[in-house]
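**Student:** Quick one: structure below, then a few questions.
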Amino acid sequence: MGQGKSQFTEEELQDYEDLTYFTKKEVLYAHQKFKALAPEKVGHNKNAKLPMAKILQYPELRVNPFRDRICKVFSSSNDGDCTFEDFLDMMSVFSEMAPKAVKAEHAFRIFDFDGDDMIGVSDLSEVIDRLCGTDQKLSDTERQQLVQNVLEEADLDDDGALSFAEFEHIIDKSSDFCQSFRIRL
């Protein structure tokens with residue numbers, strides 16, 4: 001860090017390193033990326049909070065069908081607006097170094113649209129719609145059949161929704177989950 005113009009003290013950098021899956025150098029790089037989203041706002045204010053619209057300009061979020069949910073899950077104010085610490089948490093969870101269990105917990109929260117700690121029929125329908133996009137819209141019958149197939153495969157207690165444990169069971173069977181649940185810094 002030495003002679004650089006870091007806005008962070010050595011202690012702050014150490015804390016970020018301890019609390020994330022990043023090195024101090026990666027924390028500083030993340031701050032550069034955050035600052036680039038709104039240089040006029042972040043400038044010399046390390047506590048700046050950027051509106052979700054600015055965060056969504058991050059290239060890999062811009063094309064993600066769950067971009068708004070990702071921002072809301074990581075936003076400390078739950079509205080999608082993010083401080084640098086929110087952004088750093090997000091990037092840390094989406095990094096290669098984050099463990100599968102941490103990624104699974106956040107994926108569950110992203111897919112739990114109604115926030116009831118279960119992934120139910122409406123949540124699964126929303127996930128399917130977002131994954132299909134507007135060009136490949138499924139009919140209601142096709143969507144219902146797909147939701148039913150997911151529940152038949154994963155709803156182990158037959159309650160019509162996926163608990164976190166059931167969701168985690170699916171993730172454990174998915175060999176490429178960690179590779180696909182990633183955003184490059």
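Labels for the structure tokens follow display order: chains A, B, ..., residues from 1 in each chain, ligands from 1.
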Quick one: residues within 10 Å of range 32-46 of chain A, only C-alpha atoms counted, chain neighbours fewer than 6 positions away excluded, as an mmCIF file with N, CA, C and O atoms, in the first residue's frame?

**Tutor:**
```cif
data_model
loop_
_atom_site.group_PDB
_atom_site.id
_atom_site.type_symbol
_atom_site.label_atom_id
_atom_site.label_comp_id
_atom_site.auth_asym_id
_atom_site.auth_seq_id
_atom_site.Cartn_x
_atom_site.Cartn_y
_atom_site.Cartn_z
ATOM 1 N N SER A 6 -4.296 5.616 -1.140
ATOM 2 C CA SER A 6 -5.429 4.836 -0.650
ATOM 3 C C SER A 6 -6.268 5.669 0.303
ATOM 4 O O SER A 6 -5.742 6.419 1.125
ATOM 5 N N GLN A 7 -7.578 5.522 0.186
ATOM 6 C CA GLN A 7 -8.496 6.201 1.102
ATOM 7 C C GLN A 7 -8.628 5.423 2.402
ATOM 8 O O GLN A 7 -9.300 5.863 3.316
ATOM 9 N N PHE A 8 -7.992 4.264 2.479
ATOM 10 C CA PHE A 8 -8.152 3.383 3.620
ATOM 11 C C PHE A 8 -6.882 3.329 4.462
ATOM 12 O O PHE A 8 -5.784 3.355 3.934
ATOM 13 N N GLU A 26 -6.512 -6.805 -3.683
ATOM 14 C CA GLU A 26 -7.802 -7.004 -4.347
ATOM 15 C C GLU A 26 -8.868 -6.061 -3.792
ATOM 16 O O GLU A 26 -9.740 -5.597 -4.530
ATOM 17 N N ALA A 53 -28.961 1.932 -9.834
ATOM 18 C CA ALA A 53 -28.756 2.174 -11.266
ATOM 19 C C ALA A 53 -27.261 2.289 -11.602
ATOM 20 O O ALA A 53 -26.822 1.830 -12.659
ATOM 21 N N LYS A 54 -26.483 2.888 -10.713
ATOM 22 C CA LYS A 54 -25.028 2.995 -10.930
ATOM 23 C C LYS A 54 -24.356 1.645 -10.766
ATOM 24 O O LYS A 54 -23.489 1.262 -11.553
ATOM 25 N N ILE A 55 -24.740 0.884 -9.731
ATOM 26 C CA ILE A 55 -24.150 -0.433 -9.484
ATOM 27 C C ILE A 55 -24.425 -1.353 -10.669
ATOM 28 O O ILE A 55 -23.570 -2.142 -11.073
ATOM 29 N N LEU A 56 -25.600 -1.219 -11.263
ATOM 30 C CA LEU A 56 -25.985 -2.074 -12.382
ATOM 31 C C LEU A 56 -25.209 -1.757 -13.657
ATOM 32 O O LEU A 56 -25.311 -2.479 -14.643
ATOM 33 N N GLN A 57 -24.404 -0.702 -13.626
ATOM 34 C CA GLN A 57 -23.534 -0.412 -14.765
ATOM 35 C C GLN A 57 -22.283 -1.285 -14.761
ATOM 36 O O GLN A 57 -21.552 -1.317 -15.737
ATOM 37 N N TYR A 58 -22.052 -1.995 -13.653
ATOM 38 C CA TYR A 58 -20.921 -2.926 -13.614
ATOM 39 C C TYR A 58 -21.152 -3.957 -14.712
ATOM 40 O O TYR A 58 -22.236 -4.564 -14.781
ATOM 41 N N CYS A 82 -25.895 0.719 -2.868
ATOM 42 C CA CYS A 82 -24.756 0.047 -2.233
ATOM 43 C C CYS A 82 -23.643 0.999 -1.828
ATOM 44 O O CYS A 82 -23.246 1.873 -2.595
ATOM 45 N N THR A 83 -23.148 0.781 -0.637
ATOM 46 C CA THR A 83 -21.915 1.428 -0.192
ATOM 47 C C THR A 83 -20.753 0.595 -0.730
ATOM 48 O O THR A 83 -20.968 -0.501 -1.265
ATOM 49 N N PHE A 84 -19.539 1.075 -0.547
ATOM 50 C CA PHE A 84 -18.391 0.274 -0.962
ATOM 51 C C PHE A 84 -18.364 -1.049 -0.215
ATOM 52 O O PHE A 84 -18.073 -2.093 -0.797
ATOM 53 N N GLU A 85 -18.683 -1.028 1.075
ATOM 54 C CA GLU A 85 -18.669 -2.279 1.845
ATOM 55 C C GLU A 85 -19.697 -3.276 1.323
ATOM 56 O O GLU A 85 -19.434 -4.469 1.257
ATOM 57 N N PHE A 87 -20.725 -3.410 -1.831
ATOM 58 C CA PHE A 87 -20.145 -3.836 -3.110
ATOM 59 C C PHE A 87 -19.033 -4.856 -2.865
ATOM 60 O O PHE A 87 -18.951 -5.881 -3.552
ATOM 61 N N LEU A 88 -18.202 -4.592 -1.873
ATOM 62 C CA LEU A 88 -17.097 -5.496 -1.550
ATOM 63 C C LEU A 88 -17.627 -6.859 -1.087
ATOM 64 O O LEU A 88 -17.114 -7.901 -1.504
ATOM 65 N N LEU A 185 -13.966 -9.658 -10.695
ATOM 66 C CA LEU A 185 -13.630 -8.320 -10.217
ATOM 67 C C LEU A 185 -12.890 -7.623 -11.326
ATOM 68 O O LEU A 185 -13.004 -6.654 -11.800
#
```

**Student:** Extract, using only C-alpha atoms, all DNA, RNA and protein residues at most 10 Å from range 10-21 of chain A, discarding same-chain residues fewer than 3 positions from it, and format them as a list in words.

**Tutor:** Met1, Gly2, Ser6, Gln7, Lys24, Lys25, Glu26, Val27, Leu28, Glu85, Leu88, Asp89, Met90, Met91, Ser92, Val93, Phe94, Ser95, Glu96, Met97, Ala98 and Pro99 of chain A

**Student:** Could you take the residues named above and write them with C-alpha atoms, as a PDB file, in the first residue's frame?

**Tutor:**
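Wrote part_13.pdb, looks like this:
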```
ATOM      1  CA  MET A   1       0.000   0.000   0.000  1.00  0.00           C
ATOM      2  CA  GLY A   2       3.028   2.212   0.829  1.00  0.00           C
ATOM      3  CA  SER A   6      -5.429   4.836  -0.650  1.00  0.00           C
ATOM      4  CA  GLN A   7      -8.496   6.201   1.102  1.00  0.00           C
ATOM      5  CA  LYS A  24      -5.550  -6.094   0.494  1.00  0.00           C
ATOM      6  CA  LYS A  25      -4.490  -5.567  -3.116  1.00  0.00           C
ATOM      7  CA  GLU A  26      -7.802  -7.004  -4.347  1.00  0.00           C
ATOM      8  CA  VAL A  27      -9.728  -4.792  -1.902  1.00  0.00           C
ATOM      9  CA  LEU A  28      -8.025  -1.737  -3.398  1.00  0.00           C
ATOM     10  CA  GLU A  85     -18.669  -2.279   1.845  1.00  0.00           C
ATOM     11  CA  LEU A  88     -17.097  -5.496  -1.550  1.00  0.00           C
ATOM     12  CA  ASP A  89     -19.291  -8.102   0.183  1.00  0.00           C
ATOM     13  CA  MET A  90     -21.031  -8.806  -3.127  1.00  0.00           C
ATOM     14  CA  MET A  91     -17.804  -9.198  -5.045  1.00  0.00           C
ATOM     15  CA  SER A  92     -16.311 -11.332  -2.278  1.00  0.00           C
ATOM     16  CA  VAL A  93     -19.241 -13.786  -2.306  1.00  0.00           C
ATOM     17  CA  PHE A  94     -19.088 -13.975  -6.112  1.00  0.00           C
ATOM     18  CA  SER A  95     -15.290 -14.486  -6.094  1.00  0.00           C
ATOM     19  CA  GLU A  96     -13.589 -17.782  -6.852  1.00  0.00           C
ATOM     20  CA  MET A  97     -12.353 -18.008  -3.261  1.00  0.00           C
ATOM     21  CA  ALA A  98     -15.796 -17.911  -1.611  1.00  0.00           C
ATOM     22  CA  PRO A  99     -16.846 -21.357  -0.341  1.00  0.00           C
TER      23      PRO A  99
END
```

**Student:** Per DSSP on the backbone, what are the strand (DSSP E) residues of chain A, as a PyMOL selection string?

**Tutor:** chain A and resi 49-50+82-83

**Student:** Keeping only C-alpha atoms, write the selected residues as a PDB file, in the first residue's frame.

**Tutor:**
```
ATOM      1  CA  LYS A  49     -23.556   5.172  -1.346  1.00  0.00           C
ATOM      2  CA  LEU A  50     -24.340   4.581  -4.997  1.00  0.00           C
ATOM      3  CA  CYS A  82     -24.756   0.047  -2.233  1.00  0.00           C
ATOM      4  CA  THR A  83     -21.915   1.428  -0.192  1.00  0.00           C
TER       5      THR A  83
END
```

**Student:** Which residues are close to Met118 in chain A, i.e. within 7 Å by only C-alpha atoms, leaving aside same-chain residues fewer than 5 positions away? Reply as a compact mmCIF listing (two decimals) with N, CA and C atoms, in the first residue's frame.

**Tutor:**
```
# COMPACT_ATOMS: atom_id res chain seq x y z
N ASP A 112 -35.22 -16.18 -3.47
CA ASP A 112 -36.37 -16.07 -2.58
C ASP A 112 -36.96 -14.67 -2.74
N ALA A 161 -42.57 -26.26 -1.54
CA ALA A 161 -41.56 -25.21 -1.60
C ALA A 161 -40.21 -25.80 -1.20
N LEU A 162 -39.15 -25.07 -1.53
CA LEU A 162 -37.80 -25.53 -1.18
C LEU A 162 -37.28 -24.76 0.02
N SER A 163 -36.92 -25.48 1.05
CA SER A 163 -36.26 -24.87 2.20
C SER A 163 -34.79 -24.65 1.83
N PHE A 164 -34.06 -23.97 2.68
CA PHE A 164 -32.64 -23.78 2.40
C PHE A 164 -31.92 -25.13 2.35
```

**Student:** Record the distance separating CA of Ile119 in chain A and CA of Asp86 in chain A, expressed in Å with one decimal.

**Tutor:**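 Computing it gives 24.0 Å between the two atoms.
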
**Student:** Report as a PyMOL selection string: the residues of chain A with a DSSP assignment of alpha helix (DSSP H), based on the backbone of this structure.

**Tutor:** chain A and resi 10-19+24-37+39-42+52-55+59-62+67-74+84-93+100-111+121-132+140-154+164-173+177-180

**Student:** Suppose you want the space between CA of Arg184 in chain A and CA of Glu60 in chain A; what is it in Å?

**Tutor:**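 Computing the Euclidean distance for CA of Arg184 in chain A and CA of Glu60 in chain A yields 7.5 Å.
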
**Student:** Kindly indicate which residue among A:Thr9, A:Ile171, A:Thr23, A:Asn149 lies nearest to Ala104 in chain A, using only C-alpha atoms for the distances.

**Tutor:**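 Smallest distance to Ala104 in chain A is found for A:Ile171.
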
**Student:** For Asp123 in chain A, find every residue with an atom within 12 Å (counting only C-alpha atoms), except residues of its own chain fewer than 4 positions away, and show them as a VMD selection string.

**Tutor:** chain A and resid 69 108 to 119 127 to 130 143 to 144 147 150 to 151 160 to 162

**Student:** Using N, CA, C and O atoms, can you write the selected residues to a file as a tab-separated table (two decimals), in the first residue's frame?

**Tutor:**
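See out-v8.tsv below for the written result:
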```
chain	number	residue	atom	x	y	z
A	69	ARG	N	-32.01	-8.21	-7.96
A	69	ARG	CA	-32.07	-9.03	-6.75
A	69	ARG	C	-30.69	-9.11	-6.09
A	69	ARG	O	-30.59	-9.04	-4.86
A	108	PHE	N	-29.71	-18.60	-2.52
A	108	PHE	CA	-31.04	-18.85	-1.96
A	108	PHE	C	-31.77	-17.52	-1.71
A	108	PHE	O	-32.93	-17.35	-2.07
A	109	ARG	N	-31.07	-16.58	-1.10
A	109	ARG	CA	-31.69	-15.27	-0.81
A	109	ARG	C	-32.06	-14.53	-2.10
A	109	ARG	O	-33.09	-13.85	-2.16
A	110	ILE	N	-31.22	-14.67	-3.14
A	110	ILE	CA	-31.51	-14.02	-4.42
A	110	ILE	C	-32.76	-14.61	-5.05
A	110	ILE	O	-33.61	-13.89	-5.58
A	111	PHE	N	-32.92	-15.93	-4.97
A	111	PHE	CA	-34.06	-16.60	-5.59
A	111	PHE	C	-35.33	-16.55	-4.73
A	111	PHE	O	-36.41	-16.87	-5.21
A	112	ASP	N	-35.22	-16.18	-3.47
A	112	ASP	CA	-36.37	-16.07	-2.58
A	112	ASP	C	-36.96	-14.67	-2.74
A	112	ASP	O	-36.79	-13.79	-1.90
A	113	PHE	N	-37.68	-14.46	-3.84
A	113	PHE	CA	-38.18	-13.14	-4.20
A	113	PHE	C	-39.12	-12.55	-3.16
A	113	PHE	O	-39.11	-11.35	-2.92
A	114	ASP	N	-39.95	-13.38	-2.54
A	114	ASP	CA	-40.91	-12.85	-1.58
A	114	ASP	C	-40.37	-12.78	-0.15
A	114	ASP	O	-41.05	-12.33	0.76
A	115	GLY	N	-39.14	-13.24	0.06
A	115	GLY	CA	-38.48	-13.10	1.35
A	115	GLY	C	-39.07	-13.92	2.47
A	115	GLY	O	-38.91	-13.59	3.64
A	116	ASP	N	-39.72	-15.06	2.14
A	116	ASP	CA	-40.34	-15.88	3.19
A	116	ASP	C	-39.48	-17.05	3.65
A	116	ASP	O	-39.95	-17.95	4.32
A	117	ASP	N	-38.20	-17.03	3.28
A	117	ASP	CA	-37.24	-18.08	3.64
A	117	ASP	C	-37.58	-19.44	3.04
A	117	ASP	O	-37.16	-20.48	3.55
A	118	MET	N	-38.34	-19.42	1.97
A	118	MET	CA	-38.65	-20.62	1.19
A	118	MET	C	-38.64	-20.21	-0.28
A	118	MET	O	-38.95	-19.06	-0.60
A	119	ILE	N	-38.28	-21.14	-1.15
A	119	ILE	CA	-38.40	-20.88	-2.58
A	119	ILE	C	-39.64	-21.64	-3.04
A	119	ILE	O	-39.62	-22.86	-3.19
A	127	VAL	N	-37.86	-17.16	-11.27
A	127	VAL	CA	-36.52	-17.61	-11.68
A	127	VAL	C	-36.55	-18.09	-13.13
A	127	VAL	O	-35.71	-17.71	-13.95
A	128	ILE	N	-37.54	-18.91	-13.45
A	128	ILE	CA	-37.66	-19.46	-14.81
A	128	ILE	C	-37.87	-18.34	-15.82
A	128	ILE	O	-37.22	-18.31	-16.87
A	129	ASP	N	-38.77	-17.41	-15.51
A	129	ASP	CA	-39.02	-16.28	-16.43
A	129	ASP	C	-37.76	-15.48	-16.68
A	129	ASP	O	-37.45	-15.10	-17.81
A	130	ARG	N	-37.00	-15.22	-15.62
A	130	ARG	CA	-35.77	-14.44	-15.78
A	130	ARG	C	-34.71	-15.20	-16.57
A	130	ARG	O	-33.99	-14.61	-17.35
A	143	ARG	N	-44.35	-23.36	-18.07
A	143	ARG	CA	-43.74	-22.86	-16.83
A	143	ARG	C	-44.21	-23.69	-15.64
A	143	ARG	O	-43.41	-24.11	-14.80
A	144	GLN	N	-45.51	-23.97	-15.56
A	144	GLN	CA	-46.06	-24.77	-14.46
A	144	GLN	C	-45.45	-26.17	-14.45
A	144	GLN	O	-45.14	-26.71	-13.38
A	147	VAL	N	-41.87	-25.89	-13.12
A	147	VAL	CA	-41.91	-25.69	-11.67
A	147	VAL	C	-42.22	-27.02	-10.99
A	147	VAL	O	-41.57	-27.41	-10.00
A	150	VAL	N	-39.21	-29.30	-11.01
A	150	VAL	CA	-38.21	-28.89	-10.01
A	150	VAL	C	-38.65	-29.35	-8.62
A	150	VAL	O	-37.86	-29.92	-7.87
A	151	LEU	N	-39.91	-29.13	-8.31
A	151	LEU	CA	-40.41	-29.52	-6.98
A	151	LEU	C	-40.39	-31.04	-6.80
A	151	LEU	O	-40.04	-31.53	-5.73
A	160	GLY	N	-44.38	-28.29	-1.05
A	160	GLY	CA	-44.66	-27.35	-2.14
A	160	GLY	C	-43.68	-26.21	-2.26
A	160	GLY	O	-43.92	-25.26	-3.01
A	161	ALA	N	-42.57	-26.26	-1.54
A	161	ALA	CA	-41.56	-25.21	-1.60
A	161	ALA	C	-40.21	-25.80	-1.20
A	161	ALA	O	-40.13	-26.88	-0.62
A	162	LEU	N	-39.15	-25.07	-1.53
A	162	LEU	CA	-37.80	-25.53	-1.18
A	162	LEU	C	-37.28	-24.76	0.02
A	162	LEU	O	-37.23	-23.52	0.01
```

**Student:** Using only C-alpha atoms, determine which residues lie at most 12 Å from Cys132 in chain A, disregarding the query and same-chain residues fewer than 4 positions distant; provide the list as a PyMOL selection string.

**Tutor:** chain A and resi 64-66+125-128+136-139+142-143+146

**Student:** Let's have the selection written as a PDB file, in the first residue's frame, with N, CA, C and O atoms.

**Tutor:**
```
ATOM      1  N   ASN A  64     -26.821  -9.682 -16.184  1.00  0.00           N
ATOM      2  CA  ASN A  64     -27.309 -10.748 -15.313  1.00  0.00           C
ATOM      3  C   ASN A  64     -28.827 -10.596 -15.115  1.00  0.00           C
ATOM      4  O   ASN A  64     -29.285  -9.534 -14.699  1.00  0.00           O
ATOM      5  N   PRO A  65     -29.607 -11.657 -15.384  1.00  0.00           N
ATOM      6  CA  PRO A  65     -31.054 -11.524 -15.236  1.00  0.00           C
ATOM      7  C   PRO A  65     -31.515 -11.309 -13.786  1.00  0.00           C
ATOM      8  O   PRO A  65     -32.656 -10.929 -13.544  1.00  0.00           O
ATOM      9  N   PHE A  66     -30.630 -11.518 -12.823  1.00  0.00           N
ATOM     10  CA  PHE A  66     -30.970 -11.333 -11.412  1.00  0.00           C
ATOM     11  C   PHE A  66     -30.295 -10.090 -10.830  1.00  0.00           C
ATOM     12  O   PHE A  66     -30.190  -9.959  -9.612  1.00  0.00           O
ATOM     13  N   SER A 125     -41.251 -19.670 -10.492  1.00  0.00           N
ATOM     14  CA  SER A 125     -41.777 -19.103 -11.743  1.00  0.00           C
ATOM     15  C   SER A 125     -40.978 -17.874 -12.154  1.00  0.00           C
ATOM     16  O   SER A 125     -40.641 -17.693 -13.326  1.00  0.00           O
ATOM     17  N   GLU A 126     -40.673 -17.031 -11.169  1.00  0.00           N
ATOM     18  CA  GLU A 126     -39.885 -15.815 -11.446  1.00  0.00           C
ATOM     19  C   GLU A 126     -38.475 -16.179 -11.911  1.00  0.00           C
ATOM     20  O   GLU A 126     -37.951 -15.582 -12.854  1.00  0.00           O
ATOM     21  N   VAL A 127     -37.857 -17.161 -11.271  1.00  0.00           N
ATOM     22  CA  VAL A 127     -36.522 -17.608 -11.680  1.00  0.00           C
ATOM     23  C   VAL A 127     -36.554 -18.095 -13.128  1.00  0.00           C
ATOM     24  O   VAL A 127     -35.713 -17.714 -13.947  1.00  0.00           O
ATOM     25  N   ILE A 128     -37.537 -18.911 -13.448  1.00  0.00           N
ATOM     26  CA  ILE A 128     -37.659 -19.457 -14.809  1.00  0.00           C
ATOM     27  C   ILE A 128     -37.870 -18.341 -15.817  1.00  0.00           C
ATOM     28  O   ILE A 128     -37.217 -18.306 -16.866  1.00  0.00           O
ATOM     29  N   GLN A 136     -37.672 -15.902 -25.180  1.00  0.00           N
ATOM     30  CA  GLN A 136     -38.058 -17.307 -25.096  1.00  0.00           C
ATOM     31  C   GLN A 136     -39.137 -17.511 -24.037  1.00  0.00           C
ATOM     32  O   GLN A 136     -39.072 -18.434 -23.249  1.00  0.00           O
ATOM     33  N   LYS A 137     -40.120 -16.655 -24.028  1.00  0.00           N
ATOM     34  CA  LYS A 137     -41.188 -16.718 -23.024  1.00  0.00           C
ATOM     35  C   LYS A 137     -41.891 -18.075 -23.092  1.00  0.00           C
ATOM     36  O   LYS A 137     -42.291 -18.530 -24.151  1.00  0.00           O
ATOM     37  N   LEU A 138     -41.996 -18.727 -21.947  1.00  0.00           N
ATOM     38  CA  LEU A 138     -42.707 -19.999 -21.870  1.00  0.00           C
ATOM     39  C   LEU A 138     -44.200 -19.746 -21.705  1.00  0.00           C
ATOM     40  O   LEU A 138     -44.601 -18.736 -21.126  1.00  0.00           O
ATOM     41  N   SER A 139     -44.991 -20.702 -22.166  1.00  0.00           N
ATOM     42  CA  SER A 139     -46.429 -20.608 -21.909  1.00  0.00           C
ATOM     43  C   SER A 139     -46.640 -20.904 -20.428  1.00  0.00           C
ATOM     44  O   SER A 139     -45.770 -21.465 -19.760  1.00  0.00           O
ATOM     45  N   GLU A 142     -46.194 -24.584 -19.802  1.00  0.00           N
ATOM     46  CA  GLU A 142     -44.782 -25.008 -19.807  1.00  0.00           C
ATOM     47  C   GLU A 142     -44.086 -24.589 -18.507  1.00  0.00           C
ATOM     48  O   GLU A 142     -43.331 -25.365 -17.922  1.00  0.00           O
ATOM     49  N   ARG A 143     -44.347 -23.356 -18.066  1.00  0.00           N
ATOM     50  CA  ARG A 143     -43.736 -22.864 -16.829  1.00  0.00           C
ATOM     51  C   ARG A 143     -44.207 -23.693 -15.638  1.00  0.00           C
ATOM     52  O   ARG A 143     -43.410 -24.107 -14.799  1.00  0.00           O
ATOM     53  N   LEU A 146     -42.509 -27.035 -15.631  1.00  0.00           N
ATOM     54  CA  LEU A 146     -41.112 -26.908 -15.203  1.00  0.00           C
ATOM     55  C   LEU A 146     -41.022 -26.730 -13.690  1.00  0.00           C
ATOM     56  O   LEU A 146     -40.202 -27.377 -13.029  1.00  0.00           O
TER      57      LEU A 146
END
```

**Student:** Rounded to one decimal, what separation in Å do you get between CA of Val102 in chain A and CA of Ser175 in chain A?

**Tutor:**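 So the answer is 15.6 Å.
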